[in-house]
Amino acid sequence: MIDVKDVRVKMHSAQESFDQRDEQRRVSNGKLYESHGALCLQFRDDDSFEEIVTRIEVKDGREVAVRRTGTVTSELFFKKEETHKSSHKTGFGCVRFEIATRELDIDADTEHMKLHIVYDLISAGGVVSTNYIELEAK
């Protein structure tokens with residue numbers, strides 16, 4: 001039986017691109033649990049247009065996978081100082097890009113999850129934006 005803990009999820013994200021900075025802050029309820037050797041956090045991100053389900057998996061305390069599903073589906077993989085291919089699927093097709101993780105700090109167990117992620121989004125060989133994620137679930 002999987003032990004599931006109800007948590008409050010606070011997320012602050014920012015994107016810097018072409019000398020502009022866009023920020024978002026969200027608070028929602030979620031579930032924190034272990035599954036197949038990974039610590040998982042799942043929560044709904046309701047905005048005015050659609051409902052998005054986000055699932056975050058922390059593996060070995062060193063890497064993070066973020067999967068978001070809704071009208072747009074995306075998969076992001078983070079491992080400190082590594083670059084990974086990712087995708088963003090929309091009704092108009094799939095956009096492929098790379099994620100170069102600059103910083104990745106993980107503090108997580110079955111009671112809480114705290115993430116600090118800084119990464120560059122790379123397309124066509126160039127940095128499109130620098131992105132920041134601060135997440136706390138407890």
# chains A, B, ... in the order shown; residues from 1 in each chain; ligands from 1
>>> residues_around(residues="A:Leu115", least_positions_apart="6", cutoff="12 Å", atoms="only C-alpha atoms", output="PyMOL selection string")
chain A and resi 9-13+41+56-58+61-66+78+103-109+132-138
>>> write_last_selection(atoms="N, CA and C atoms", output="PDB file, in the first residue's frame")
ATOM      1  N   VAL A   9       1.068  23.022  -1.829  1.00  0.00           N
ATOM      2  CA  VAL A   9       2.146  23.262  -2.781  1.00  0.00           C
ATOM      3  C   VAL A   9       2.224  24.757  -3.087  1.00  0.00           C
ATOM      4  N   LYS A  10       3.390  25.330  -2.859  1.00  0.00           N
ATOM      5  CA  LYS A  10       3.646  26.734  -3.210  1.00  0.00           C
ATOM      6  C   LYS A  10       4.721  26.747  -4.279  1.00  0.00           C
ATOM      7  N   MET A  11       4.434  27.413  -5.392  1.00  0.00           N
ATOM      8  CA  MET A  11       5.402  27.447  -6.476  1.00  0.00           C
ATOM      9  C   MET A  11       5.563  28.874  -6.990  1.00  0.00           C
ATOM     10  N   HIS A  12       6.809  29.255  -7.156  1.00  0.00           N
ATOM     11  CA  HIS A  12       7.160  30.534  -7.752  1.00  0.00           C
ATOM     12  C   HIS A  12       8.049  30.220  -8.950  1.00  0.00           C
ATOM     13  N   SER A  13       7.636  30.665 -10.120  1.00  0.00           N
ATOM     14  CA  SER A  13       8.458  30.440 -11.310  1.00  0.00           C
ATOM     15  C   SER A  13       8.683  31.766 -12.014  1.00  0.00           C
ATOM     16  N   LEU A  41       5.344  13.976  -6.349  1.00  0.00           N
ATOM     17  CA  LEU A  41       4.410  15.020  -5.954  1.00  0.00           C
ATOM     18  C   LEU A  41       3.472  15.234  -7.126  1.00  0.00           C
ATOM     19  N   ILE A  56       5.740  15.575 -10.361  1.00  0.00           N
ATOM     20  CA  ILE A  56       7.182  15.754 -10.187  1.00  0.00           C
ATOM     21  C   ILE A  56       7.739  14.508  -9.526  1.00  0.00           C
ATOM     22  N   GLU A  57       8.801  13.956 -10.108  1.00  0.00           N
ATOM     23  CA  GLU A  57       9.474  12.786  -9.551  1.00  0.00           C
ATOM     24  C   GLU A  57      10.910  13.146  -9.218  1.00  0.00           C
ATOM     25  N   VAL A  58      11.307  12.863  -7.987  1.00  0.00           N
ATOM     26  CA  VAL A  58      12.693  13.044  -7.561  1.00  0.00           C
ATOM     27  C   VAL A  58      13.304  11.656  -7.451  1.00  0.00           C
ATOM     28  N   GLY A  61      17.631  11.524  -5.263  1.00  0.00           N
ATOM     29  CA  GLY A  61      17.980  12.810  -4.670  1.00  0.00           C
ATOM     30  C   GLY A  61      18.861  13.670  -5.548  1.00  0.00           C
ATOM     31  N   ARG A  62      18.986  13.276  -6.862  1.00  0.00           N
ATOM     32  CA  ARG A  62      19.915  13.992  -7.746  1.00  0.00           C
ATOM     33  C   ARG A  62      19.283  14.440  -9.061  1.00  0.00           C
ATOM     34  N   GLU A  63      18.098  13.927  -9.386  1.00  0.00           N
ATOM     35  CA  GLU A  63      17.474  14.309 -10.646  1.00  0.00           C
ATOM     36  C   GLU A  63      15.975  14.457 -10.465  1.00  0.00           C
ATOM     37  N   VAL A  64      15.400  15.308 -11.307  1.00  0.00           N
ATOM     38  CA  VAL A  64      13.981  15.639 -11.225  1.00  0.00           C
ATOM     39  C   VAL A  64      13.364  15.516 -12.608  1.00  0.00           C
ATOM     40  N   ALA A  65      12.198  14.877 -12.654  1.00  0.00           N
ATOM     41  CA  ALA A  65      11.404  14.814 -13.886  1.00  0.00           C
ATOM     42  C   ALA A  65      10.083  15.521 -13.602  1.00  0.00           C
ATOM     43  N   VAL A  66       9.690  16.422 -14.498  1.00  0.00           N
ATOM     44  CA  VAL A  66       8.428  17.144 -14.366  1.00  0.00           C
ATOM     45  C   VAL A  66       7.587  16.820 -15.591  1.00  0.00           C
ATOM     46  N   PHE A  78      15.701  17.329 -15.263  1.00  0.00           N
ATOM     47  CA  PHE A  78      16.759  18.149 -14.681  1.00  0.00           C
ATOM     48  C   PHE A  78      17.760  17.282 -13.935  1.00  0.00           C
ATOM     49  N   GLU A 103      21.424  25.028 -11.881  1.00  0.00           N
ATOM     50  CA  GLU A 103      21.381  24.781 -10.444  1.00  0.00           C
ATOM     51  C   GLU A 103      20.238  23.826 -10.157  1.00  0.00           C
ATOM     52  N   LEU A 104      20.471  22.904  -9.226  1.00  0.00           N
ATOM     53  CA  LEU A 104      19.434  21.981  -8.801  1.00  0.00           C
ATOM     54  C   LEU A 104      19.680  21.640  -7.338  1.00  0.00           C
ATOM     55  N   ASP A 105      18.829  22.158  -6.468  1.00  0.00           N
ATOM     56  CA  ASP A 105      18.902  21.865  -5.039  1.00  0.00           C
ATOM     57  C   ASP A 105      17.624  21.136  -4.655  1.00  0.00           C
ATOM     58  N   ILE A 106      17.785  19.983  -4.019  1.00  0.00           N
ATOM     59  CA  ILE A 106      16.660  19.135  -3.651  1.00  0.00           C
ATOM     60  C   ILE A 106      16.718  18.846  -2.156  1.00  0.00           C
ATOM     61  N   ASP A 107      15.612  19.097  -1.477  1.00  0.00           N
ATOM     62  CA  ASP A 107      15.438  18.708  -0.079  1.00  0.00           C
ATOM     63  C   ASP A 107      14.081  18.025  -0.034  1.00  0.00           C
ATOM     64  N   ALA A 108      14.066  16.694  -0.002  1.00  0.00           N
ATOM     65  CA  ALA A 108      12.791  15.993  -0.112  1.00  0.00           C
ATOM     66  C   ALA A 108      12.809  14.675   0.641  1.00  0.00           C
ATOM     67  N   ASP A 109      11.684  14.377   1.259  1.00  0.00           N
ATOM     68  CA  ASP A 109      11.433  13.077   1.870  1.00  0.00           C
ATOM     69  C   ASP A 109       9.926  12.845   1.837  1.00  0.00           C
ATOM     70  N   TYR A 132      13.535  29.900 -13.687  1.00  0.00           N
ATOM     71  CA  TYR A 132      13.730  29.665 -12.266  1.00  0.00           C
ATOM     72  C   TYR A 132      12.469  29.013 -11.696  1.00  0.00           C
ATOM     73  N   ILE A 133      12.647  27.989 -10.886  1.00  0.00           N
ATOM     74  CA  ILE A 133      11.532  27.334 -10.206  1.00  0.00           C
ATOM     75  C   ILE A 133      11.878  27.195  -8.728  1.00  0.00           C
ATOM     76  N   GLU A 134      11.002  27.694  -7.885  1.00  0.00           N
ATOM     77  CA  GLU A 134      11.096  27.475  -6.439  1.00  0.00           C
ATOM     78  C   GLU A 134       9.805  26.780  -6.035  1.00  0.00           C
ATOM     79  N   LEU A 135       9.900  25.591  -5.493  1.00  0.00           N
ATOM     80  CA  LEU A 135       8.712  24.833  -5.116  1.00  0.00           C
ATOM     81  C   LEU A 135       8.868  24.324  -3.699  1.00  0.00           C
ATOM     82  N   GLU A 136       7.784  24.427  -2.923  1.00  0.00           N
ATOM     83  CA  GLU A 136       7.772  23.871  -1.584  1.00  0.00           C
ATOM     84  C   GLU A 136       6.426  23.182  -1.369  1.00  0.00           C
ATOM     85  N   ALA A 137       6.482  21.942  -0.935  1.00  0.00           N
ATOM     86  CA  ALA A 137       5.277  21.173  -0.613  1.00  0.00           C
ATOM     87  C   ALA A 137       5.443  20.601   0.785  1.00  0.00           C
ATOM     88  N   LYS A 138       4.476  20.904   1.640  1.00  0.00           N
ATOM     89  CA  LYS A 138       4.520  20.349   3.011  1.00  0.00           C
ATOM     90  C   LYS A 138       3.130  20.323   3.592  1.00  0.00           C
TER      91      LYS A 138
END
>>> residues_around(residues="stretch 81-94 of chain A", least_positions_apart="2", cutoff="10 Å", atoms="only C-alpha atoms", output="ChimeraX atom specification")
/A:68-79,96-104,119-122
>>> atom_distance(atom1="atom CA of A:Val128", atom2="atom CA of A:Gln24")
18.5 Å
>>> atom_distance(atom1="atom CA of A:Asn131", atom2="atom CA of A:His36")
28.8 Å
>>> atom_distance(atom1="atom CA of A:Arg8", atom2="atom CA of A:Val27")
7.2 Å
>>> residues_around(residues="A:Lys59", least_positions_apart="6", cutoff="8 Å", atoms="only C-alpha atoms", output="list in words")
Gly37, Ala38 and Leu39 of chain A
>>> select_by_dssp(residues="chain A", states="strand (DSSP E)", output="PyMOL selection string")
chain A and resi 5-17+20-35+38-46+51-59+63-69+73-79+83-90+93-108+113-123+126-137
>>> residues_around(residues="A:Lys31", least_positions_apart="5", cutoff="9 Å", atoms="only C-alpha atoms", output="PyMOL selection string")
chain A and resi 4-8+40-43+137
>>> write_last_selection(atoms="N, CA, C and O atoms", output="short mmCIF file (atom, residue, chain, number, x, y, z; two decimals), in the first residue's frame")
data_model
loop_
_atom_site.label_atom_id
_atom_site.label_comp_id
_atom_site.auth_asym_id
_atom_site.auth_seq_id
_atom_site.Cartn_x
_atom_site.Cartn_y
_atom_site.Cartn_z
N VAL A 4 0.24 8.00 1.19
CA VAL A 4 0.06 9.28 0.51
C VAL A 4 -0.17 10.37 1.54
O VAL A 4 -1.00 10.21 2.44
N LYS A 5 0.56 11.46 1.40
CA LYS A 5 0.42 12.59 2.32
C LYS A 5 -0.18 13.77 1.56
O LYS A 5 0.30 14.13 0.47
N ASP A 6 -1.23 14.38 2.12
CA ASP A 6 -1.79 15.60 1.56
C ASP A 6 -0.86 16.76 1.90
O ASP A 6 -0.43 16.89 3.06
N VAL A 7 -0.54 17.58 0.90
CA VAL A 7 0.39 18.70 1.11
C VAL A 7 -0.15 19.97 0.45
O VAL A 7 -0.98 19.92 -0.45
N ARG A 8 0.35 21.08 0.90
CA ARG A 8 0.08 22.39 0.30
C ARG A 8 1.29 22.71 -0.57
O ARG A 8 2.43 22.65 -0.09
N CYS A 40 7.37 11.23 -5.29
CA CYS A 40 6.48 11.87 -6.28
C CYS A 40 5.59 12.91 -5.62
O CYS A 40 5.11 12.72 -4.50
N LEU A 41 5.34 13.98 -6.35
CA LEU A 41 4.41 15.02 -5.95
C LEU A 41 3.47 15.23 -7.13
O LEU A 41 3.93 15.44 -8.26
N GLN A 42 2.19 15.17 -6.86
CA GLN A 42 1.21 15.41 -7.93
C GLN A 42 0.23 16.47 -7.45
O GLN A 42 -0.26 16.41 -6.32
N PHE A 43 -0.04 17.44 -8.33
CA PHE A 43 -0.99 18.50 -7.98
C PHE A 43 -1.64 19.05 -9.23
O PHE A 43 -1.12 18.91 -10.33
N ALA A 137 6.48 21.94 -0.94
CA ALA A 137 5.28 21.17 -0.61
C ALA A 137 5.44 20.60 0.78
O ALA A 137 6.43 19.95 1.07
#
